[in-house]
Amino acid sequence: MTSCFHCGEECKEEHLRYQEKDFCCTGCKTVYEILNESDLSYYYDLDSNPGISPASSERKFDFLDNKEILAKLLEFNENNTQVVNLLIPSMHCSSCIWVLENLNKLNPGVKTSQVDFPGKTVRITYNPEEVSLKDLAYLLSRIGYEPYISLKDFDEKKPDINRSLIYKLGVAGFAFGNVMFLSFPEYFEVNEFWLERFKNLFRWMMFAFSLPVVFYAGSGYFISAYKGLRANMLNIDVPIALGIAVLFLRSTAEIVLDLGTGFFDSLTGLVFFLLLGRFFQQKTYSYLSFERDYKSYFPIGVTRLTSENVEEQVQVYDIEPGDRILIRNGELIPIDAVLMTGDALIDYSFVTGEANAVEKLQGETLFAGGRQQGGLIEIEAIKAINQSYLTKLWSNEVFKKNKNSAFQSLINQISKRFTAAVLSIAFLASLFWIIYDPTKVLNVFTAVLIIACPCAIALSTPFTLGNLLRIFGRNKFYLKEAGIIEQIAQIDCLVFDKTGTITTNKKAEIYYEGLKLTTEEEKLLSGSLRASGHPLSRQLYDILNKNEILTPEEFTEHTGKGIEARHKQSNLKIGSADFVQQPLSETAQANKTAVHISSNREYKGRFIFRNSYREGLEELLEKLGKGRQIFILSGDNDGEKERLEKMLPLQTKYYFNQKPEDKLVFIKRLQQQGNRVMMVGDGLNDAGALAQSDVGISVSENINVFSPACDGILDASRLKDLHSFFEISEKGMKIIKWSFVLSLCYNLVGLAFAVTGNLMPVIAAILMPLSSISIVAFTSLATKLAGKGLRQF
Amino acid sequence: MNIIYLLLALSVLVAIIFFIAFILSVKKGQYDDMYTPSVRMLFEDELVNSKSKNKTTKQEKTE
């Protein structure tokens, strides 16, 4: 089998050859020609078959002519320089970087272009007198890198990246290093002459270095502890803040009164390690967005017809009820509207979960969010964009609240008892020393608070979860933040969407029921289907024998009904049950998607289209079902119920004909019964349920295209491994508990020094980093072992 | 031994200069994209001139 030189896809039998290279389609060949002519064929040497077959984008970017839209998209606009940052979802290899950074070879109007690969964006500086943004968009589309411009780009400029954690980490690391140098001489406590002389200078310098650490780098802990206390919660930051404050005050007191060197080394090290843990926990997938709403799905501009039937490009927000809009093949209907002219075939799968495209006749209402799959249609808007059926879902309060606020993480549960224990030990020890040696009371009290500062405990969670987050990411399960893993481990209810989540949109299973077709009828069937653009025809044509085809002499396609074809003596009618005059006997059959066939007015049979379920689904639900409830919610009709019941574990419960709001309410009800619910969905119709659930996971065939707001994005090919992700999350929680035990051991050793009044700065300076490093080593190793099972797939 | 005051001041000054350089580089976004520069530095002037290639093949044929 030959593969395409450009994109690496398998070439079909009838493929193109050009300059002794194979191409799967004209699109790929065109890209090769463009690159070759501009001396950019090195593209193919960097990576083998790096290309992307370009999709047709005819007139798709015409809206970029509109000046207001343009102004919103541009980052910089002066006389003859414009800068724009475009999202290119199809970017995937070093060849992509190379060709995108050499855009100036393809169009001299481009001055520079710079790729940000992790973010999948390219920033292009160009001269608008030579090339417009519209031309650039088409140029990129032609070479397979179609930019993704949505309504979201229009509404907001990207917020500045919050880099304060890196600054804090820098400050703490800088101070830590310097303080270590300065405190090193005193570790040996040699009463050497010069050391004695410069002792005070060194100490005050350490003090100076620790000031920014306490008041800037460590400020987050004080704020968090204060907030926790105000909410009557003893979070883990309370003992940390207490530790930092006591360390700083006691050390300052020691150098002022010339009692000792203080604990500045431990103080700066503590803050540095803590921040390092926070930094590690953050792993952002900058090219994925977990906060999307319908806006990133909707186009910015649409084609409006004026009263004189002239096309004009306008912003989606400017559409008013009564406006006439043109929608082309593959375009999205941005607004609730009435169909005026043309054959509408609308794919609502993303909005409602219905599997198959629906045909609409003139005068029928089209809802926003559907995608036109046929030719050009003209529609008349009946509502403004933010009042449409789909966008109204987003006014539900569930999208406004912060859902993680109620979750009690393990570390906060533990810190309550931990803080109480530390404080009681400190008071008991002080009480003891008040009786025996009152001079040591203050020393012991502060020493207990210092040594019990839960640095290692605070590090175990971020390092364990951070590691797991990376392991998950390598296995195509992308989580918004590390804390989600902890929530996954506690899920006891799983709710799956049907269409697009447990079924695949890529292929349908088709089988035939009825009288056997004659060879001639079969040939004619293939021939008639070839001429039809209806998606069901296309799917059916793909599975039929294509070697012998009879081209019909007469061919008529009735929109919304079917095809009529004639060849010599045979008359073939292909289409809906009504069209071939076959009354439906059972109501259940009405729910099945089928193409009926009659030959010479005699009913032959029907091709039934079934959803094709993802591989390994049975097994997955079997495993997940142990100890968890499983529900399947579908926006579709119950035509598949029997089949699902046969296929899936018995305890699975099914709910059909669920509207987006129904799904949201369903999840809410489960939560009110005290369940922790994970929603696994894919489309906009699941958006409410994803937001309401404790953990919302969006399943996606292609992680670069739109997925609704959620806590995690799972690559569809990995859905069958969801069970393993659960197992690993649970293991992760065990690892955290073990590292708590380990760090408690260190604390006990330290406490032994503290309560006896023997805590030397050097002991604190050894114990603290030692416990932190061993915790980091332990969690890294343990998570690696836990994740091992996963990577075998 | 009083020179130590000067040495300390100098060493702290040097450290602070590097620290400021680090902060500035973060601020300018140098660390935002940690991947692309690593690939970009390996690119050279790889323009393959297809026209000159065609010419040579034609010449070969005439010969």
# chains A, B, ... in the order shown; residues from 1 in each chain; ligands from 1
$ select_by_dssp --residues "stretch 99-274 of chain A" --states "strand (DSSP E)" --output "NGL selection string"
:A and (110-116 or 121-126)
$ closest_atom_pairs --of "chain A" --to "chain B" --cutoff "7 Å" --atoms "only C-alpha atoms" --output "Markdown table"
| residue | atom | partner | partner_atom | distance |
| --- | --- | --- | --- | --- |
| A:Asn36 | CA | B:Ser50 | CA | 6.7 |
| A:Glu37 | CA | B:Ser50 | CA | 6.9 |
| A:Asp39 | CA | B:Val48 | CA | 4.8 |
| A:Leu40 | CA | B:Leu47 | CA | 5.6 |
| A:Ser41 | CA | B:Val48 | CA | 6.2 |
| A:Tyr42 | CA | B:Glu46 | CA | 6.1 |
| A:Ser94 | CA | B:Val39 | CA | 6.7 |
| A:Val115 | CA | B:Thr36 | CA | 7.0 |
| A:Asp116 | CA | B:Thr36 | CA | 6.2 |
| A:Phe117 | CA | B:Thr36 | CA | 5.5 |
| A:Pro118 | CA | B:Asp33 | CA | 6.6 |
| A:Tyr167 | CA | B:Ile23 | CA | 6.6 |
$ atom_distance --atom1 "atom CA of A:Phe427" --atom2 "atom CA of A:Asn747"
16.6 Å
$ closest_residue --among "A:Ser38, A:Phe740, A:Leu684, A:Ile69" --to "A:Ser707" --atoms "only C-alpha atoms"
A:Leu684
$ select_by_dssp --residues "stretch 416-494 of chain A" --states "alpha helix (DSSP H)" --output "PyMOL selection string"
chain A and resi 416-436+441-451+455-474+483-488
$ atom_distance --atom1 "atom CA of B:Leu6" --atom2 "atom CA of A:Gly173"
24.0 Å
$ residues_around --residues "A:Gly262" --least-positions-apart "6" --cutoff "8 Å" --atoms "only C-alpha atoms" --output "PyMOL selection string"
chain A and resi 250-252+254-255+761
$ residues_around --residues "A:Arg643" --least-positions-apart "2" --cutoff "12 Å" --atoms "only C-alpha atoms" --output "list in words"
Lys592, Arg610, Asn611, Ser612, Tyr613, Asp638, Gly639, Glu640, Lys641, Glu645, Lys646, Met647, Leu648, Pro649 and Tyr654 of chain A
$ write_last_selection --atoms "N, CA, C and O atoms" --output "mmCIF file, in the first residue's frame"
data_model
loop_
_atom_site.group_PDB
_atom_site.id
_atom_site.type_symbol
_atom_site.label_atom_id
_atom_site.label_comp_id
_atom_site.auth_asym_id
_atom_site.auth_seq_id
_atom_site.Cartn_x
_atom_site.Cartn_y
_atom_site.Cartn_z
ATOM 1 N N LYS A 592 -35.260 3.687 14.460
ATOM 2 C CA LYS A 592 -34.004 3.274 13.855
ATOM 3 C C LYS A 592 -33.731 4.094 12.608
ATOM 4 O O LYS A 592 -34.644 4.421 11.857
ATOM 5 N N ARG A 610 -26.563 1.560 12.485
ATOM 6 C CA ARG A 610 -26.485 1.484 13.937
ATOM 7 C C ARG A 610 -25.280 2.272 14.418
ATOM 8 O O ARG A 610 -24.278 2.375 13.729
ATOM 9 N N ASN A 611 -25.411 2.766 15.637
ATOM 10 C CA ASN A 611 -24.248 3.409 16.243
ATOM 11 C C ASN A 611 -23.176 2.363 16.425
ATOM 12 O O ASN A 611 -23.456 1.226 16.746
ATOM 13 N N SER A 612 -21.973 2.789 16.222
ATOM 14 C CA SER A 612 -20.903 1.852 16.474
ATOM 15 C C SER A 612 -20.269 2.252 17.800
ATOM 16 O O SER A 612 -19.873 3.390 17.994
ATOM 17 N N TYR A 613 -20.246 1.326 18.733
ATOM 18 C CA TYR A 613 -19.719 1.648 20.059
ATOM 19 C C TYR A 613 -18.205 1.516 20.085
ATOM 20 O O TYR A 613 -17.626 0.761 19.329
ATOM 21 N N ASP A 638 -34.737 6.143 22.170
ATOM 22 C CA ASP A 638 -34.344 4.886 22.820
ATOM 23 C C ASP A 638 -34.214 3.721 21.834
ATOM 24 O O ASP A 638 -34.354 2.560 22.209
ATOM 25 N N GLY A 639 -33.950 4.016 20.579
ATOM 26 C CA GLY A 639 -33.827 2.979 19.562
ATOM 27 C C GLY A 639 -32.716 1.972 19.843
ATOM 28 O O GLY A 639 -32.755 0.840 19.377
ATOM 29 N N GLU A 640 -31.761 2.391 20.633
ATOM 30 C CA GLU A 640 -30.601 1.530 20.873
ATOM 31 C C GLU A 640 -30.689 0.824 22.222
ATOM 32 O O GLU A 640 -29.762 0.139 22.622
ATOM 33 N N LYS A 641 -31.792 1.030 22.910
ATOM 34 C CA LYS A 641 -31.865 0.570 24.300
ATOM 35 C C LYS A 641 -31.624 -0.936 24.424
ATOM 36 O O LYS A 641 -30.801 -1.379 25.222
ATOM 37 N N GLU A 645 -28.670 -2.829 26.429
ATOM 38 C CA GLU A 645 -28.948 -3.691 27.579
ATOM 39 C C GLU A 645 -28.299 -5.050 27.416
ATOM 40 O O GLU A 645 -27.830 -5.643 28.370
ATOM 41 N N LYS A 646 -28.286 -5.526 26.180
ATOM 42 C CA LYS A 646 -27.670 -6.822 25.929
ATOM 43 C C LYS A 646 -26.157 -6.754 26.104
ATOM 44 O O LYS A 646 -25.530 -7.674 26.602
ATOM 45 N N MET A 647 -25.612 -5.644 25.663
ATOM 46 C CA MET A 647 -24.160 -5.545 25.569
ATOM 47 C C MET A 647 -23.508 -5.202 26.909
ATOM 48 O O MET A 647 -22.456 -5.721 27.247
ATOM 49 N N LEU A 648 -24.128 -4.307 27.668
ATOM 50 C CA LEU A 648 -23.462 -3.741 28.833
ATOM 51 C C LEU A 648 -23.889 -4.437 30.123
ATOM 52 O O LEU A 648 -24.907 -5.112 30.156
ATOM 53 N N PRO A 649 -23.107 -4.246 31.196
ATOM 54 C CA PRO A 649 -23.423 -4.884 32.472
ATOM 55 C C PRO A 649 -24.850 -4.582 32.935
ATOM 56 O O PRO A 649 -25.401 -3.522 32.649
ATOM 57 N N TYR A 654 -30.366 3.336 32.126
ATOM 58 C CA TYR A 654 -30.414 4.132 30.897
ATOM 59 C C TYR A 654 -31.496 5.191 30.979
ATOM 60 O O TYR A 654 -32.581 4.960 31.500
#
